[in-house]
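Some notes on the structure that comes next.
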Amino acid sequence: MAEQLRVRASLRLMRGGKLFGPGVAQLLQGVDELGSLRKSAAQMGMSYNKAWNVVHGCEEQLGFALLERRIGGAGGGGAALTERGRALLTRYRVFDAEAHALLDRIARRHFAGVLGDAEEGS
């Protein structure tokens, strides 16, 4: 059986300019898992300076903080998601999954027969 047709799109929330998208979401997910913006950036192959600029620019556009930063010390520094940052990331992930499921259904409807997929009801 052939694999079903799928769509991969990069979904960004816009308000004038870029507001929030997959790159910021990936950075925040990494901070949530690793407790550090520096470690999250490194995992993505991004410099810490660029990651900080991306998060800071996003925070300016949104008008609220995404990260709580902890200055180093005996236990070292780090970062954690703010409550609003976590809520935004969660909502974005759900939105992204729902949007891709819908895009997949639309693609199968429009390209059924052309690409060898059977048409699926909408």
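Just so we're on the same page: first chain in the structure tokens is A, next is B, and so on; residues restart at 1 for each chain, and ligands are numbered from 1 in the order they show up.
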
Go through segment 53-95 of chain A and flag each residue having an atom no more than 6 Å from segment 18-42 of chain A; for those, report the closest pair of atoms plus their distance in Å to one decimal, using only C-alpha atoms, ordered by chain and rising number, as a tab-separated table.
```
residue	atom	partner	partner_atom	distance
A:Gly78	CA	A:Ser36	CA	4.5
A:Ala79	CA	A:Ser36	CA	4.9
A:Ala80	CA	A:Gly35	CA	5.8
```

Would you give me, as a VMD selection string, the residues in chain A that DSSP reads as alpha helix (DSSP H)? chain A and resid 22 to 34 37 to 44 48 to 62 83 to 111

Only C-alpha atoms, please: the residues just picked out, written as a PDB file, in the first residue's frame.
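Written output follows (again24.pdb):
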```
ATOM      1  CA  PRO A  22       8.322  26.999  14.031  1.00  0.00           C
ATOM      2  CA  GLY A  23      11.814  28.298  14.828  1.00  0.00           C
ATOM      3  CA  VAL A  24      10.767  30.076  18.013  1.00  0.00           C
ATOM      4  CA  ALA A  25       8.583  27.093  18.928  1.00  0.00           C
ATOM      5  CA  GLN A  26      11.561  24.748  18.535  1.00  0.00           C
ATOM      6  CA  LEU A  27      13.764  27.028  20.634  1.00  0.00           C
ATOM      7  CA  LEU A  28      11.131  27.211  23.389  1.00  0.00           C
ATOM      8  CA  GLN A  29      10.597  23.438  23.305  1.00  0.00           C
ATOM      9  CA  GLY A  30      14.341  22.988  23.771  1.00  0.00           C
ATOM     10  CA  VAL A  31      14.403  25.421  26.691  1.00  0.00           C
ATOM     11  CA  ASP A  32      11.529  23.514  28.271  1.00  0.00           C
ATOM     12  CA  GLU A  33      13.374  20.206  27.894  1.00  0.00           C
ATOM     13  CA  LEU A  34      16.935  21.375  28.614  1.00  0.00           C
ATOM     14  CA  LEU A  37      18.455  28.795  25.872  1.00  0.00           C
ATOM     15  CA  ARG A  38      22.139  28.185  25.172  1.00  0.00           C
ATOM     16  CA  LYS A  39      21.647  24.391  25.147  1.00  0.00           C
ATOM     17  CA  SER A  40      18.488  24.680  23.063  1.00  0.00           C
ATOM     18  CA  ALA A  41      20.298  26.846  20.492  1.00  0.00           C
ATOM     19  CA  ALA A  42      23.251  24.440  20.376  1.00  0.00           C
ATOM     20  CA  GLN A  43      20.888  21.515  19.800  1.00  0.00           C
ATOM     21  CA  MET A  44      19.498  23.401  16.781  1.00  0.00           C
ATOM     22  CA  TYR A  48      23.341  31.617  21.422  1.00  0.00           C
ATOM     23  CA  ASN A  49      23.432  35.238  20.241  1.00  0.00           C
ATOM     24  CA  LYS A  50      21.077  34.507  17.337  1.00  0.00           C
ATOM     25  CA  ALA A  51      18.743  32.489  19.584  1.00  0.00           C
ATOM     26  CA  TRP A  52      18.625  35.316  22.116  1.00  0.00           C
ATOM     27  CA  ASN A  53      17.868  37.837  19.334  1.00  0.00           C
ATOM     28  CA  VAL A  54      15.092  35.616  17.937  1.00  0.00           C
ATOM     29  CA  VAL A  55      13.436  35.183  21.342  1.00  0.00           C
ATOM     30  CA  HIS A  56      13.904  38.840  22.287  1.00  0.00           C
ATOM     31  CA  GLY A  57      12.447  40.024  18.945  1.00  0.00           C
ATOM     32  CA  CYS A  58       9.488  37.712  19.376  1.00  0.00           C
ATOM     33  CA  GLU A  59       8.908  38.952  22.919  1.00  0.00           C
ATOM     34  CA  GLU A  60       8.929  42.557  21.664  1.00  0.00           C
ATOM     35  CA  GLN A  61       6.358  41.738  18.967  1.00  0.00           C
ATOM     36  CA  LEU A  62       4.145  39.832  21.400  1.00  0.00           C
ATOM     37  CA  GLU A  83       3.294  30.743  31.956  1.00  0.00           C
ATOM     38  CA  ARG A  84       2.291  32.759  28.879  1.00  0.00           C
ATOM     39  CA  GLY A  85       5.223  31.349  26.900  1.00  0.00           C
ATOM     40  CA  ARG A  86       4.159  27.791  27.733  1.00  0.00           C
ATOM     41  CA  ALA A  87       0.524  28.545  26.832  1.00  0.00           C
ATOM     42  CA  LEU A  88       1.554  30.068  23.486  1.00  0.00           C
ATOM     43  CA  LEU A  89       3.805  27.097  22.667  1.00  0.00           C
ATOM     44  CA  THR A  90       1.038  24.620  23.540  1.00  0.00           C
ATOM     45  CA  ARG A  91      -1.547  26.463  21.454  1.00  0.00           C
ATOM     46  CA  TYR A  92       0.871  26.787  18.526  1.00  0.00           C
ATOM     47  CA  ARG A  93       1.650  23.055  18.584  1.00  0.00           C
ATOM     48  CA  VAL A  94      -2.083  22.172  18.579  1.00  0.00           C
ATOM     49  CA  PHE A  95      -2.784  24.734  15.833  1.00  0.00           C
ATOM     50  CA  ASP A  96       0.111  23.391  13.734  1.00  0.00           C
ATOM     51  CA  ALA A  97      -1.080  19.768  14.068  1.00  0.00           C
ATOM     52  CA  GLU A  98      -4.691  20.648  13.197  1.00  0.00           C
ATOM     53  CA  ALA A  99      -3.639  22.820  10.255  1.00  0.00           C
ATOM     54  CA  HIS A 100      -1.397  20.085   8.828  1.00  0.00           C
ATOM     55  CA  ALA A 101      -4.140  17.459   9.191  1.00  0.00           C
ATOM     56  CA  LEU A 102      -6.498  19.761   7.278  1.00  0.00           C
ATOM     57  CA  LEU A 103      -3.860  20.501   4.625  1.00  0.00           C
ATOM     58  CA  ASP A 104      -3.257  16.771   4.187  1.00  0.00           C
ATOM     59  CA  ARG A 105      -6.985  16.157   3.593  1.00  0.00           C
ATOM     60  CA  ILE A 106      -7.215  19.043   1.117  1.00  0.00           C
ATOM     61  CA  ALA A 107      -4.139  17.827  -0.780  1.00  0.00           C
ATOM     62  CA  ARG A 108      -5.513  14.287  -1.040  1.00  0.00           C
ATOM     63  CA  ARG A 109      -8.835  15.651  -2.327  1.00  0.00           C
ATOM     64  CA  HIS A 110      -7.174  17.861  -4.967  1.00  0.00           C
ATOM     65  CA  PHE A 111      -4.495  15.428  -6.098  1.00  0.00           C
TER      66      PHE A 111
END
```

Between atom CA of Ser10 of chain A and atom CA of Leu67 of chain A, what is the distance in Å, rounded to a tenth? 23.1 Å

Residue set, segment 4-107 of chain A restricted to strand (DSSP E or B), as a list in words: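 Residues of segment 4-107 of chain A classed as strand (DSSP E or B): Leu13, Met14, Arg15, Gly17, Lys18, Leu19, Phe20, Leu67, Glu68, Arg69, Arg70, Gly78, Ala79, Ala80 and Leu81 of chain A.
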
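Reported to one decimal place, the separation of atom CA of Phe64 of chain A from atom CA of Arg15 of chain A is 14.9 Å.
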
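Neighbours of Thr82 of chain A closer than or equal to 7 Å, with only C-alpha atoms counted and sequence neighbours fewer than 5 positions away skipped, come out as A:Ala65, A:Leu66, A:Leu67, A:Glu68.
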
Go ahead and write the residues just picked, N, CA and C atoms, as a CSV table (one decimal), in the first residue's frame.
```csv
chain,number,residue,atom,x,y,z
A,65,ALA,N,6.9,38.4,28.0
A,65,ALA,CA,8.1,37.6,28.1
A,65,ALA,C,7.7,36.1,27.8
A,66,LEU,N,8.6,35.5,27.1
A,66,LEU,CA,8.4,34.0,26.8
A,66,LEU,C,9.3,33.2,27.8
A,67,LEU,N,10.4,33.8,28.2
A,67,LEU,CA,11.3,33.1,29.1
A,67,LEU,C,11.6,33.8,30.4
A,68,GLU,N,11.8,33.1,31.4
A,68,GLU,CA,12.3,33.6,32.7
A,68,GLU,C,13.8,33.2,32.7
```
